[in-house]
$ cat my_file-v4.cif   # mmCIF, C-alpha atoms
data_my_file
loop_
_atom_site.label_atom_id
_atom_site.label_comp_id
_atom_site.auth_asym_id
_atom_site.auth_seq_id
_atom_site.Cartn_x
_atom_site.Cartn_y
_atom_site.Cartn_z
CA MET A 1 0.00 0.00 0.00
CA SER A 2 1.18 3.53 -0.68
CA LEU A 3 0.33 6.57 1.43
CA THR A 4 -3.03 8.05 0.48
CA PHE A 5 -3.94 11.61 1.33
CA TYR A 6 -7.63 12.53 1.26
CA ASP A 7 -7.83 16.16 0.29
CA TYR A 8 -10.14 18.86 -1.01
CA THR A 9 -7.97 21.57 -2.46
CA PRO A 10 -10.23 24.59 -1.80
CA ALA A 11 -10.81 23.79 1.90
CA PRO A 12 -8.67 25.20 4.73
CA SER A 13 -8.33 22.15 6.98
CA PRO A 14 -6.78 19.80 4.41
CA ARG A 15 -4.61 22.68 3.24
CA ARG A 16 -2.85 22.70 6.63
CA ALA A 17 -1.76 19.08 6.22
CA ARG A 18 -1.03 19.55 2.51
CA ILE A 19 1.44 22.38 3.21
CA PHE A 20 3.09 20.37 6.00
CA LEU A 21 3.50 17.25 3.83
CA HIS A 22 4.82 19.35 0.94
CA GLU A 23 7.44 21.00 3.17
CA LYS A 24 8.51 17.50 4.23
CA GLY A 25 8.74 16.27 0.65
CA ILE A 26 6.72 13.16 1.48
CA GLU A 27 5.43 11.43 -1.64
CA LEU A 28 1.87 10.23 -1.59
CA GLU A 29 -1.19 9.60 -3.68
CA THR A 30 -3.87 12.23 -3.35
CA VAL A 31 -7.60 11.54 -3.59
CA GLN A 32 -9.94 14.51 -3.87
CA ILE A 33 -13.16 14.30 -1.83
CA ASP A 34 -15.61 16.87 -3.17
CA MET A 35 -16.86 18.68 -0.08
CA THR A 36 -18.97 21.05 -2.16
CA ALA A 37 -20.96 18.00 -3.24
CA GLY A 38 -21.00 16.59 0.31
CA GLU A 39 -18.84 13.60 -0.66
CA GLN A 40 -17.19 13.59 2.80
CA LEU A 41 -20.58 12.58 4.25
CA GLY A 42 -21.20 9.75 1.77
CA GLU A 43 -20.92 6.05 2.55
CA ALA A 44 -17.71 5.53 0.57
CA PHE A 45 -15.68 8.10 2.48
CA ARG A 46 -17.37 7.31 5.78
CA ALA A 47 -15.99 3.78 5.48
CA ILE A 48 -12.51 5.31 5.34
CA SER A 49 -13.04 7.99 7.97
CA PRO A 50 -16.09 7.84 10.26
CA THR A 51 -15.46 11.45 11.31
CA CYS A 52 -16.44 12.54 7.76
CA THR A 53 -13.74 15.22 7.89
CA LEU A 54 -10.77 16.20 5.78
CA PRO A 55 -7.84 15.84 5.82
CA ALA A 56 -7.36 12.11 6.34
CA LEU A 57 -4.24 10.07 5.67
CA ARG A 58 -4.14 6.33 5.08
CA LEU A 59 -0.77 4.90 6.09
CA GLU A 60 1.06 1.97 4.52
CA ASP A 61 -0.28 -0.35 7.26
CA ASP A 62 -3.87 0.83 6.55
CA THR A 63 -4.13 2.96 9.72
CA VAL A 64 -6.20 6.07 8.96
CA LEU A 65 -5.29 9.32 10.71
CA THR A 66 -8.23 11.72 10.68
CA GLU A 67 -6.94 14.91 12.27
CA ASN A 68 -4.37 17.54 11.31
CA ALA A 69 -2.70 16.90 14.67
CA GLY A 70 -2.36 13.21 13.88
CA ILE A 71 -1.03 13.70 10.36
CA THR A 72 1.46 16.28 11.57
CA ALA A 73 2.78 14.12 14.43
CA TRP A 74 3.12 11.14 12.08
CA ALA A 75 4.91 13.15 9.37
CA GLU A 76 7.43 14.76 11.75
CA ALA A 77 8.49 11.29 12.96
CA TYR A 78 8.34 9.64 9.51
CA GLN A 79 10.44 12.35 7.85
CA PRO A 80 12.25 14.38 10.54
CA ASN A 81 13.84 16.86 8.09
CA PRO A 82 13.26 19.69 7.87
CA PRO A 83 11.97 19.88 11.47
CA LEU A 84 8.64 21.72 11.55
CA LEU A 85 7.68 21.13 15.19
CA GLY A 86 10.85 22.61 16.74
CA THR A 87 14.08 20.93 17.82
CA THR A 88 14.74 21.71 21.50
CA PRO A 89 12.11 21.12 24.21
CA THR A 90 11.44 24.86 24.45
CA GLU A 91 11.05 25.15 20.68
CA LYS A 92 8.66 22.21 20.60
CA GLY A 93 6.63 23.85 23.36
CA LEU A 94 6.47 27.17 21.53
CA VAL A 95 5.43 25.64 18.21
CA ALA A 96 2.66 23.60 19.84
CA THR A 97 1.48 26.59 21.90
CA TRP A 98 1.22 28.92 18.89
CA ASN A 99 -0.29 26.23 16.71
CA ALA A 100 -2.98 25.67 19.32
CA ARG A 101 -3.65 29.40 19.65
CA SER A 102 -4.09 29.90 15.89
CA GLU A 103 -6.36 26.89 15.83
CA PHE A 104 -8.60 27.87 18.74
CA GLU A 105 -8.55 31.68 18.45
CA GLY A 106 -8.23 31.86 14.65
CA LEU A 107 -9.46 28.88 12.65
CA PHE A 108 -12.27 27.94 15.04
CA ALA A 109 -13.51 31.55 15.19
CA ILE A 110 -13.62 31.75 11.39
CA ALA A 111 -15.33 28.36 11.08
CA GLU A 112 -17.93 29.47 13.64
CA THR A 113 -18.61 32.60 11.62
CA LEU A 114 -18.83 30.82 8.27
CA ARG A 115 -20.74 27.72 9.33
CA ASN A 116 -23.33 29.64 11.35
CA SER A 117 -24.10 32.23 8.68
CA SER A 118 -23.55 30.71 5.23
CA LYS A 119 -26.74 29.74 3.40
CA GLY A 120 -24.91 26.80 1.84
CA MET A 121 -24.06 25.42 5.29
CA LYS A 122 -27.54 25.24 6.76
CA ASP A 123 -27.56 22.53 9.46
CA ARG A 124 -23.79 22.11 9.05
CA ALA A 125 -22.81 24.30 11.99
CA THR A 126 -20.03 21.86 12.93
CA THR A 127 -18.00 19.30 11.02
CA GLY A 128 -18.72 15.60 11.37
CA PRO A 129 -21.49 13.14 10.55
CA VAL A 130 -24.21 14.75 12.72
CA ASN A 131 -26.14 17.82 11.55
CA TYR A 132 -26.49 20.80 13.90
CA ALA A 133 -28.61 23.90 13.28
CA GLN A 134 -26.90 27.23 12.74
CA ILE A 135 -26.70 29.62 15.71
CA PRO A 136 -26.55 33.19 14.34
CA GLN A 137 -25.13 34.56 17.64
CA LEU A 138 -22.19 32.22 17.23
CA ALA A 139 -21.42 33.69 13.80
CA GLU A 140 -21.35 37.16 15.34
CA ARG A 141 -19.18 36.05 18.23
CA GLY A 142 -16.75 34.34 15.84
CA ARG A 143 -16.29 37.59 13.94
CA THR A 144 -15.45 39.46 17.14
CA ARG A 145 -13.03 36.73 18.24
CA LEU A 146 -11.34 36.84 14.83
CA GLY A 147 -10.60 40.54 15.28
CA HIS A 148 -8.87 39.77 18.58
CA TYR A 149 -6.91 36.95 16.94
CA PHE A 150 -5.55 39.29 14.28
CA ASP A 151 -4.45 41.71 17.01
CA THR A 152 -2.73 38.87 18.90
CA LEU A 153 -0.98 37.55 15.79
CA ASN A 154 0.17 41.02 14.77
CA ALA A 155 1.60 41.69 18.24
CA ARG A 156 3.39 38.34 18.25
CA LEU A 157 4.99 39.11 14.86
CA GLU A 158 6.45 42.42 16.06
CA GLY A 159 10.19 42.10 15.39
CA ARG A 160 9.84 38.45 14.33
CA ASP A 161 10.13 36.73 10.95
CA PHE A 162 8.05 33.72 11.97
CA VAL A 163 5.28 33.03 14.48
CA ALA A 164 6.85 30.63 16.97
CA LEU A 165 10.60 30.34 16.21
CA ASP A 166 13.38 31.96 14.18
CA ASP A 167 12.53 29.48 11.43
CA PHE A 168 9.38 28.45 9.61
CA SER A 169 7.29 25.93 11.59
CA LEU A 170 3.84 24.42 11.89
CA ALA A 171 2.81 27.58 13.75
CA ASP A 172 3.31 29.55 10.52
CA ILE A 173 1.30 27.05 8.51
CA THR A 174 -1.71 27.26 10.82
CA ALA A 175 -1.58 31.07 10.98
CA LEU A 176 -1.20 31.31 7.18
CA VAL A 177 -4.23 29.09 6.62
CA ALA A 178 -6.19 31.12 9.20
CA VAL A 179 -5.38 34.46 7.54
CA ASP A 180 -6.37 33.11 4.12
CA PHE A 181 -9.49 31.40 5.49
CA ALA A 182 -10.58 34.71 7.07
CA LYS A 183 -11.16 36.03 3.53
CA TRP A 184 -14.07 33.59 3.30
CA VAL A 185 -15.87 35.74 5.87
CA ARG A 186 -14.55 38.96 4.29
CA VAL A 187 -11.98 39.75 7.00
CA GLU A 188 -8.46 40.82 6.07
CA PRO A 189 -5.58 42.31 8.04
CA SER A 190 -6.15 46.05 8.44
CA GLU A 191 -3.67 48.93 8.22
CA ALA A 192 -2.96 48.27 11.90
CA HIS A 193 -1.75 44.75 11.09
CA ALA A 194 1.43 45.61 9.21
CA ASN A 195 3.36 42.77 10.83
CA ILE A 196 0.84 40.23 9.60
CA LYS A 197 1.03 41.64 6.06
CA ARG A 198 4.84 41.47 5.97
CA TRP A 199 4.95 37.94 7.38
CA HIS A 200 2.06 36.79 5.16
CA ALA A 201 3.90 37.91 2.03
CA THR A 202 6.97 35.91 3.07
CA VAL A 203 5.26 32.65 3.95
CA SER A 204 2.87 32.87 0.97
CA ALA A 205 5.90 32.92 -1.34
CA ARG A 206 6.98 29.42 -0.26
CA PRO A 207 6.17 26.75 -2.87
CA SER A 208 4.22 24.80 -0.21
CA ALA A 209 1.72 27.67 0.10
CA LYS A 210 0.62 26.99 -3.45
CA ALA A 211 0.74 23.18 -3.16
CA MET B 1 14.98 29.65 37.80
CA SER B 2 13.06 26.51 38.52
CA LEU B 3 10.09 25.25 36.51
CA THR B 4 6.84 26.86 37.67
CA PHE B 5 3.48 25.26 36.95
CA TYR B 6 0.40 27.49 37.21
CA ASP B 7 -2.45 25.29 38.28
CA TYR B 8 -5.92 25.29 39.76
CA THR B 9 -6.53 21.84 41.15
CA PRO B 10 -10.31 21.65 40.69
CA ALA B 11 -10.26 22.69 36.99
CA PRO B 12 -10.11 20.21 34.10
CA SER B 13 -7.66 21.98 31.76
CA PRO B 14 -4.75 22.24 34.19
CA ARG B 15 -5.51 18.69 35.33
CA ARG B 16 -4.56 17.40 31.86
CA ALA B 17 -1.07 18.90 32.13
CA ARG B 18 -0.77 17.95 35.81
CA ILE B 19 -1.38 14.27 35.05
CA PHE B 20 1.08 14.37 32.14
CA LEU B 21 3.83 16.01 34.21
CA HIS B 22 3.22 13.57 37.09
CA GLU B 23 3.53 10.56 34.76
CA LYS B 24 6.85 12.03 33.57
CA GLY B 25 8.10 12.55 37.11
CA ILE B 26 9.13 16.13 36.31
CA GLU B 27 9.79 18.14 39.44
CA LEU B 28 8.40 21.66 39.55
CA GLU B 29 7.03 24.33 41.77
CA THR B 30 3.27 24.72 41.62
CA VAL B 31 1.41 27.99 42.03
CA GLN B 32 -2.35 27.87 42.51
CA ILE B 33 -4.35 30.51 40.62
CA ASP B 34 -7.83 30.68 42.13
CA MET B 35 -10.18 30.55 39.14
CA THR B 36 -13.24 30.59 41.37
CA ALA B 37 -12.13 34.06 42.50
CA GLY B 38 -11.24 35.07 38.92
CA GLU B 39 -7.54 35.32 39.72
CA GLN B 40 -6.63 34.15 36.17
CA LEU B 41 -8.11 37.44 34.88
CA GLY B 42 -6.21 39.67 37.30
CA GLU B 43 -3.26 41.87 36.42
CA ALA B 44 -0.69 39.71 38.24
CA PHE B 45 -1.45 36.53 36.28
CA ARG B 46 -2.09 38.42 33.05
CA ALA B 47 1.52 39.63 33.21
CA ILE B 48 2.59 35.97 33.22
CA SER B 49 0.07 34.70 30.68
CA PRO B 50 -1.89 37.19 28.54
CA THR B 51 -4.29 34.39 27.54
CA CYS B 52 -5.58 34.36 31.14
CA THR B 53 -5.89 30.59 30.94
CA LEU B 54 -4.64 27.64 32.92
CA PRO B 55 -2.47 25.63 32.74
CA ALA B 56 0.66 27.67 32.11
CA LEU B 57 4.25 26.59 32.58
CA ARG B 58 7.21 28.90 33.08
CA LEU B 59 10.42 27.26 31.89
CA GLU B 60 13.90 27.71 33.29
CA ASP B 61 14.70 30.31 30.58
CA ASP B 62 11.51 32.27 31.48
CA THR B 63 9.57 31.18 28.39
CA VAL B 64 5.91 30.74 29.31
CA LEU B 65 3.91 27.99 27.59
CA THR B 66 0.20 28.70 27.82
CA GLU B 67 -1.50 25.70 26.25
CA ASN B 68 -1.82 22.02 27.13
CA ALA B 69 -0.42 21.22 23.68
CA GLY B 70 2.67 23.32 24.36
CA ILE B 71 3.32 21.92 27.83
CA THR B 72 2.88 18.37 26.55
CA ALA B 73 5.24 18.82 23.59
CA TRP B 74 7.85 20.42 25.85
CA ALA B 75 7.60 17.71 28.52
CA GLU B 76 7.87 14.80 26.05
CA ALA B 77 11.15 16.25 24.71
CA TYR B 78 12.47 17.34 28.13
CA GLN B 79 11.85 13.95 29.74
CA PRO B 80 11.30 11.33 27.02
CA ASN B 81 10.56 8.47 29.43
CA PRO B 82 8.03 7.09 29.75
CA PRO B 83 6.89 8.03 26.22
CA LEU B 84 3.34 9.36 26.35
CA LEU B 85 2.99 10.56 22.74
CA GLY B 86 3.82 7.23 21.07
CA THR B 87 7.12 5.86 19.80
CA THR B 88 6.76 4.93 16.12
CA PRO B 89 5.41 7.39 13.53
CA THR B 90 2.10 5.50 13.40
CA GLU B 91 1.80 5.52 17.18
CA LYS B 92 2.52 9.24 17.33
CA GLY B 93 -0.17 9.81 14.71
CA LEU B 94 -2.72 7.75 16.61
CA VAL B 95 -2.06 9.44 19.95
CA ALA B 96 -2.36 12.91 18.41
CA THR B 97 -5.50 11.95 16.48
CA TRP B 98 -7.29 10.57 19.55
CA ASN B 99 -6.11 13.40 21.75
CA ALA B 100 -7.54 15.90 19.26
CA ARG B 101 -10.83 14.01 19.05
CA SER B 102 -11.31 13.92 22.83
CA GLU B 103 -10.46 17.61 22.94
CA PHE B 104 -12.81 18.76 20.17
CA GLU B 105 -15.65 16.24 20.53
CA GLY B 106 -15.40 15.80 24.31
CA LEU B 107 -13.82 18.62 26.32
CA PHE B 108 -15.02 21.43 24.05
CA ALA B 109 -18.58 20.07 24.03
CA ILE B 110 -18.62 19.92 27.83
CA ALA B 111 -17.12 23.41 28.16
CA GLU B 112 -19.76 24.75 25.75
CA THR B 113 -22.50 23.21 27.87
CA LEU B 114 -21.13 24.44 31.18
CA ARG B 115 -20.02 27.91 30.14
CA ASN B 116 -23.25 28.71 28.31
CA SER B 117 -25.60 27.57 31.06
CA SER B 118 -23.93 28.05 34.44
CA LYS B 119 -25.16 31.07 36.40
CA GLY B 120 -21.66 31.53 37.80
CA MET B 121 -20.23 31.87 34.28
CA LYS B 122 -22.39 34.66 32.96
CA ASP B 123 -20.44 36.49 30.21
CA ARG B 124 -17.69 33.85 30.46
CA ALA B 125 -18.87 31.76 27.50
CA THR B 126 -15.28 31.23 26.38
CA THR B 127 -11.91 31.27 28.12
CA GLY B 128 -9.56 34.22 27.73
CA PRO B 129 -9.43 37.90 28.63
CA VAL B 130 -12.51 38.99 26.62
CA ASN B 131 -16.04 38.46 27.96
CA TYR B 132 -18.66 36.89 25.70
CA ALA B 133 -22.35 36.50 26.49
CA GLN B 134 -23.77 33.04 27.02
CA ILE B 135 -25.61 31.41 24.11
CA PRO B 136 -28.17 28.95 25.54
CA GLN B 137 -28.48 27.07 22.23
CA LEU B 138 -24.78 26.30 22.43
CA ALA B 139 -25.24 24.69 25.85
CA GLU B 140 -27.92 22.46 24.38
CA ARG B 141 -25.81 21.56 21.38
CA GLY B 142 -22.84 20.76 23.60
CA ARG B 143 -24.92 18.27 25.55
CA THR B 144 -25.97 16.50 22.37
CA ARG B 145 -22.40 16.43 21.09
CA LEU B 146 -21.22 14.99 24.39
CA GLY B 147 -23.60 12.05 23.99
CA HIS B 148 -22.06 11.30 20.60
CA TYR B 149 -18.56 11.59 22.08
CA PHE B 150 -19.34 8.97 24.73
CA ASP B 151 -20.63 6.63 22.01
CA THR B 152 -17.45 7.19 19.97
CA LEU B 153 -15.15 6.64 22.94
CA ASN B 154 -17.03 3.50 23.99
CA ALA B 155 -16.77 2.06 20.47
CA ARG B 156 -13.06 2.85 20.31
CA LEU B 157 -12.45 1.04 23.62
CA GLU B 158 -14.12 -2.19 22.43
CA GLY B 159 -11.44 -4.85 22.91
CA ARG B 160 -8.82 -2.25 23.91
CA ASP B 161 -7.15 -1.46 27.23
CA PHE B 162 -6.25 2.11 26.24
CA VAL B 163 -7.63 4.73 23.86
CA ALA B 164 -4.90 5.11 21.24
CA LEU B 165 -2.23 2.43 21.80
CA ASP B 166 -1.59 -0.79 23.73
CA ASP B 167 -0.10 1.38 26.46
CA PHE B 168 -1.25 4.42 28.41
CA SER B 169 -0.75 7.70 26.48
CA LEU B 170 -1.83 11.31 26.31
CA ALA B 171 -5.01 10.12 24.58
CA ASP B 172 -6.03 8.38 27.82
CA ILE B 173 -5.31 11.49 29.89
CA THR B 174 -7.51 13.69 27.72
CA ALA B 175 -10.35 11.16 27.65
CA LEU B 176 -10.10 10.62 31.43
CA VAL B 177 -10.33 14.35 32.08
CA ALA B 178 -13.27 14.60 29.65
CA VAL B 179 -15.22 11.79 31.34
CA ASP B 180 -14.65 13.34 34.79
CA PHE B 181 -15.42 16.87 33.52
CA ALA B 182 -18.72 15.61 32.08
CA LYS B 183 -19.94 15.09 35.65
CA TRP B 184 -19.94 18.90 35.98
CA VAL B 185 -22.86 18.95 33.54
CA ARG B 186 -24.38 15.82 35.11
CA VAL B 187 -23.49 13.42 32.31
CA GLU B 188 -21.99 10.03 33.11
CA PRO B 189 -21.37 6.91 31.03
CA SER B 190 -24.62 4.95 30.73
CA GLU B 191 -25.21 1.18 30.89
CA ALA B 192 -24.42 1.15 27.17
CA HIS B 193 -20.92 2.47 27.83
CA ALA B 194 -19.45 -0.55 29.59
CA ASN B 195 -16.11 -0.17 27.82
CA ILE B 196 -15.73 3.38 29.12
CA LYS B 197 -16.53 2.23 32.67
CA ARG B 198 -13.94 -0.57 32.56
CA TRP B 199 -11.23 1.65 31.07
CA HIS B 200 -12.10 4.55 33.39
CA ALA B 201 -11.63 2.34 36.47
CA THR B 202 -8.16 1.30 35.23
CA VAL B 203 -6.83 4.75 34.36
CA SER B 204 -8.38 6.36 37.46
CA ALA B 205 -6.36 3.94 39.63
CA ARG B 206 -3.05 5.41 38.43
CA PRO B 207 -1.39 7.69 41.00
CA SER B 208 -1.28 10.49 38.39
CA ALA B 209 -5.09 10.57 38.24
CA LYS B 210 -5.11 11.78 41.85
CA ALA B 211 -2.14 14.12 41.46
#
$ encode --input "my_file-v4.cif" --output "structure tokens"
Amino acid sequence: MSLTFYDYTPAPSPRRARIFLHEKGIELETVQIDMTAGEQLGEAFRAISPTCTLPALRLEDDTVLTENAGITAWAEAYQPNPPLLGTTPTEKGLVATWNARSEFEGLFAIAETLRNSSKGMKDRATTGPVNYAQIPQLAERGRTRLGHYFDTLNARLEGRDFVALDDFSLADITALVAVDFAKWVRVEPSEAHANIKRWHATVSARPSAKA
Amino acid sequence: MSLTFYDYTPAPSPRRARIFLHEKGIELETVQIDMTAGEQLGEAFRAISPTCTLPALRLEDDTVLTENAGITAWAEAYQPNPPLLGTTPTEKGLVATWNARSEFEGLFAIAETLRNSSKGMKDRATTGPVNYAQIPQLAERGRTRLGHYFDTLNARLEGRDFVALDDFSLADITALVAVDFAKWVRVEPSEAHANIKRWHATVSARPSAKA
């Protein structure tokens, strides 16, 4: 068996893993699951991943990893170079801390906004096999939280080239995907977020950003 | 400088890190931050951790890690034995996948229920320095999601001693804390969740569970 990556190119969550795997130079087969057509909820994909979410990665031994965290942890051990989770204990702690912050304060806030307001996502207020009704207040709250996230990210990038370390890491990937995903809810860094704009231009120029 | 762990013993989030650090046998000074009195939102703690969340860990070089993910990644590298994040690439992927699932499907669902319904948590619908109003629909949704999480965890534990691997790992810590935290919203494993009950008795008997 080869490695099989279940992807949907336009979507932000699989993009996180796709950038990480590209930076690692890991070769794999890619299968597109058309989320616009709801293919991630169909029987065929559910048999591969009962969470009905992307990304998913089928390993050579048939194990299926269904979360960005799982794919990332696997890939760092499978192909240690270049290191993307930090090298020293402190570096590893900083990368994981800033990855978690961009996930919770950034990506989740955007997903809350999008999924609770988009007409095309009626009853799809969370990912997964179960439908949940939209909660308009949650969309509003997500938008407010996103503004705070941009302020936090901009402050962190003051005098820094990258989010967690002196080098590119997973923390940059998650923040990059968050900043690009924010455009889906029509939020972009403002004039006050000059650090984000500078950093975003740098990390967007990496080949992996276009993978 | 010694290692300083910012804790609040009754709260579920710092308990995750506390169990992990106890299993590692890492020696540190512990400082209690009284969340019931709102001490995590006060100026003194905010100067240590601007996220106003627990746990936090101050390292010997004064770096402060503010997320469970960061503390865990640091500790696994600082004290590799016993390994709690898996050893092979596949194991590392499985531990991270199941940790993420218990976090998103379990802990977050419980926190949504509690924070959006508890009278004592008015305007504290999320963690962090900014206040957000409660959304009663989110409390309801969290309770439904929690039921699905228990079903998922019970199915995963069919024929298994531990959640992710053949040995105890971070995935067991997160699931243990989720099952105990669920009692705060008066949800416990039902008769249908015999696998959870068996596993819960085993992991609760470890000294770290009472740390």
$ closest_atom_pairs --input "my_file-v4.cif" --of "chain B" --to "chain A" --cutoff "9 Å" --atoms "only C-alpha atoms" --output "CSV"
residue,atom,partner,partner_atom,distance
B:Leu59,CA,A:Thr90,CA,7.9
B:Asp61,CA,A:Thr90,CA,8.8
B:Thr63,CA,A:Thr90,CA,7.7
B:Val64,CA,A:Leu94,CA,8.6
B:Leu65,CA,A:Thr97,CA,6.3
B:Thr66,CA,A:Thr97,CA,6.4
B:Glu67,CA,A:Thr97,CA,5.3
B:Asn68,CA,A:Thr97,CA,7.7
B:Ala69,CA,A:Ala96,CA,5.5
B:Gly70,CA,A:Gly93,CA,4.1
B:Ile71,CA,A:Gly93,CA,5.9
B:Thr72,CA,A:Gly93,CA,7.4
B:Ala73,CA,A:Gly93,CA,5.2
B:Trp74,CA,A:Gly93,CA,4.4
B:Ala75,CA,A:Pro89,CA,7.1
B:Glu76,CA,A:Pro89,CA,7.8
B:Ala77,CA,A:Pro89,CA,5.0
B:Tyr78,CA,A:Pro89,CA,5.5
B:Thr87,CA,A:Ala77,CA,8.8
B:Thr88,CA,A:Ala77,CA,7.3
B:Pro89,CA,A:Trp74,CA,4.6
B:Thr90,CA,A:Trp74,CA,5.9
B:Glu91,CA,A:Trp74,CA,7.7
B:Lys92,CA,A:Trp74,CA,5.6
B:Gly93,CA,A:Gly70,CA,4.1
B:Leu94,CA,A:Gly70,CA,6.1
B:Val95,CA,A:Gly70,CA,7.2
B:Ala96,CA,A:Gly70,CA,4.5
B:Thr97,CA,A:Gly70,CA,4.3
B:Trp98,CA,A:Gly70,CA,8.0
B:Asn99,CA,A:Ala69,CA,8.6
B:Ala100,CA,A:Ala69,CA,6.7
B:Arg101,CA,A:Glu67,CA,7.9
B:Val130,CA,A:Arg145,CA,8.7
B:Tyr132,CA,A:Arg141,CA,7.5
B:Ala133,CA,A:Arg141,CA,8.9
B:Ile135,CA,A:Gln137,CA,7.2
B:Gln137,CA,A:Ile135,CA,7.2
B:Leu138,CA,A:Ile135,CA,7.7
B:Arg141,CA,A:Tyr132,CA,7.5
B:Arg145,CA,A:Val130,CA,8.7
B:His148,CA,A:Val130,CA,8.9
$ closest_residue --input "my_file-v4.cif" --among "B:Lys122, B:Ala171, B:Arg115, B:Leu54" --to "Arg156 in chain B" --atoms "all atoms listed in the file"
B:Ala171
$ closest_residue --input "my_file-v4.cif" --among "A:Glu112, A:Glu191, A:Asp166, A:Asp7" --to "Cys52 in chain A" --atoms "all atoms listed in the file"
A:Asp7
$ resolve_selection --input "my_file-v4.cif" --expression "the PyMOL selection byres ((chain A and resi 35) around 10)" --output "tab-separated table (two decimals) with C-alpha atoms, keeping the file's coordinate frame"
chain	number	residue	atom	x	y	z
A	7	ASP	CA	-7.83	16.16	0.29
A	8	TYR	CA	-10.14	18.86	-1.01
A	9	THR	CA	-7.97	21.57	-2.46
A	10	PRO	CA	-10.23	24.59	-1.80
A	11	ALA	CA	-10.81	23.79	1.90
A	32	GLN	CA	-9.94	14.51	-3.87
A	33	ILE	CA	-13.16	14.30	-1.83
A	34	ASP	CA	-15.61	16.87	-3.17
A	36	THR	CA	-18.97	21.05	-2.16
A	37	ALA	CA	-20.96	18.00	-3.24
A	38	GLY	CA	-21.00	16.59	0.31
A	39	GLU	CA	-18.84	13.60	-0.66
A	40	GLN	CA	-17.19	13.59	2.80
A	41	LEU	CA	-20.58	12.58	4.25
A	52	CYS	CA	-16.44	12.54	7.76
A	53	THR	CA	-13.74	15.22	7.89
A	54	LEU	CA	-10.77	16.20	5.78
$ atom_distance --input "my_file-v4.cif" --atom1 "CA of Gly142 in chain B" --atom2 "CA of Phe108 in chain B"
7.9 Å
$ closest_residue --input "my_file-v4.cif" --among "A:Lys119, A:Arg198, A:Arg58, A:Lys183" --to "Asn154 in chain A" --atoms "all atoms listed in the file"
A:Arg198
$ atom_distance --input "my_file-v4.cif" --atom1 "CA of Ser2 in chain A" --atom2 "CA of Lys210 in chain A"
23.6 Å
$ axis_aligned_box --input "my_file-v4.cif" --around "range 22-39 of chain B" --padding-each-side "4 Å" --output "lines of an AutoDock Vina configuration file"
center_x = -1.7
center_y = 22.9
center_z = 38.0
size_x = 31.0
size_y = 32.8
size_z = 16.9
$ residues_near_point --input "my_file-v4.cif" --point "(-6.0, 29.6, 13.2)" --cutoff "7 Å" --atoms "all atoms listed in the file" --output "ChimeraX atom specification"
/A:101-108,174-175,177-178
$ write_last_selection --input "my_file-v4.cif" --atoms "C-alpha atoms" --output "mmCIF file, keeping the file's coordinate frame"
data_model
loop_
_atom_site.group_PDB
_atom_site.id
_atom_site.type_symbol
_atom_site.label_atom_id
_atom_site.label_comp_id
_atom_site.auth_asym_id
_atom_site.auth_seq_id
_atom_site.Cartn_x
_atom_site.Cartn_y
_atom_site.Cartn_z
ATOM 1 C CA ARG A 101 -3.650 29.400 19.650
ATOM 2 C CA SER A 102 -4.090 29.900 15.890
ATOM 3 C CA GLU A 103 -6.360 26.890 15.830
ATOM 4 C CA PHE A 104 -8.600 27.870 18.740
ATOM 5 C CA GLU A 105 -8.550 31.680 18.450
ATOM 6 C CA GLY A 106 -8.230 31.860 14.650
ATOM 7 C CA LEU A 107 -9.460 28.880 12.650
ATOM 8 C CA PHE A 108 -12.270 27.940 15.040
ATOM 9 C CA THR A 174 -1.710 27.260 10.820
ATOM 10 C CA ALA A 175 -1.580 31.070 10.980
ATOM 11 C CA VAL A 177 -4.230 29.090 6.620
ATOM 12 C CA ALA A 178 -6.190 31.120 9.200
#
$ build_atoms --input "my_file-v4.cif" --residues "range 89-96 of chain B" --atoms "N, CA and C atoms" --output "PDB file, in the coordinates of the input"
ATOM      1  N   PRO B  89       6.236   6.369  14.205  1.00  0.00           N
ATOM      2  CA  PRO B  89       5.410   7.390  13.530  1.00  0.00           C
ATOM      3  C   PRO B  89       3.911   7.085  13.600  1.00  0.00           C
ATOM      4  N   THR B  90       3.530   5.842  13.355  1.00  0.00           N
ATOM      5  CA  THR B  90       2.100   5.500  13.400  1.00  0.00           C
ATOM      6  C   THR B  90       1.532   5.724  14.799  1.00  0.00           C
ATOM      7  N   GLU B  91       2.276   5.310  15.808  1.00  0.00           N
ATOM      8  CA  GLU B  91       1.800   5.520  17.180  1.00  0.00           C
ATOM      9  C   GLU B  91       1.647   7.009  17.490  1.00  0.00           C
ATOM     10  N   LYS B  92       2.617   7.797  17.073  1.00  0.00           N
ATOM     11  CA  LYS B  92       2.520   9.240  17.330  1.00  0.00           C
ATOM     12  C   LYS B  92       1.297   9.827  16.643  1.00  0.00           C
ATOM     13  N   GLY B  93       1.019   9.350  15.427  1.00  0.00           N
ATOM     14  CA  GLY B  93      -0.170   9.810  14.710  1.00  0.00           C
ATOM     15  C   GLY B  93      -1.454   9.421  15.415  1.00  0.00           C
ATOM     16  N   LEU B  94      -1.501   8.204  15.933  1.00  0.00           N
ATOM     17  CA  LEU B  94      -2.720   7.750  16.610  1.00  0.00           C
ATOM     18  C   LEU B  94      -2.953   8.497  17.919  1.00  0.00           C
ATOM     19  N   VAL B  95      -1.900   8.717  18.681  1.00  0.00           N
ATOM     20  CA  VAL B  95      -2.060   9.440  19.950  1.00  0.00           C
ATOM     21  C   VAL B  95      -2.564  10.863  19.677  1.00  0.00           C
ATOM     22  N   ALA B  96      -1.950  11.537  18.708  1.00  0.00           N
ATOM     23  CA  ALA B  96      -2.360  12.910  18.410  1.00  0.00           C
ATOM     24  C   ALA B  96      -3.777  12.968  17.857  1.00  0.00           C
TER      25      ALA B  96
END
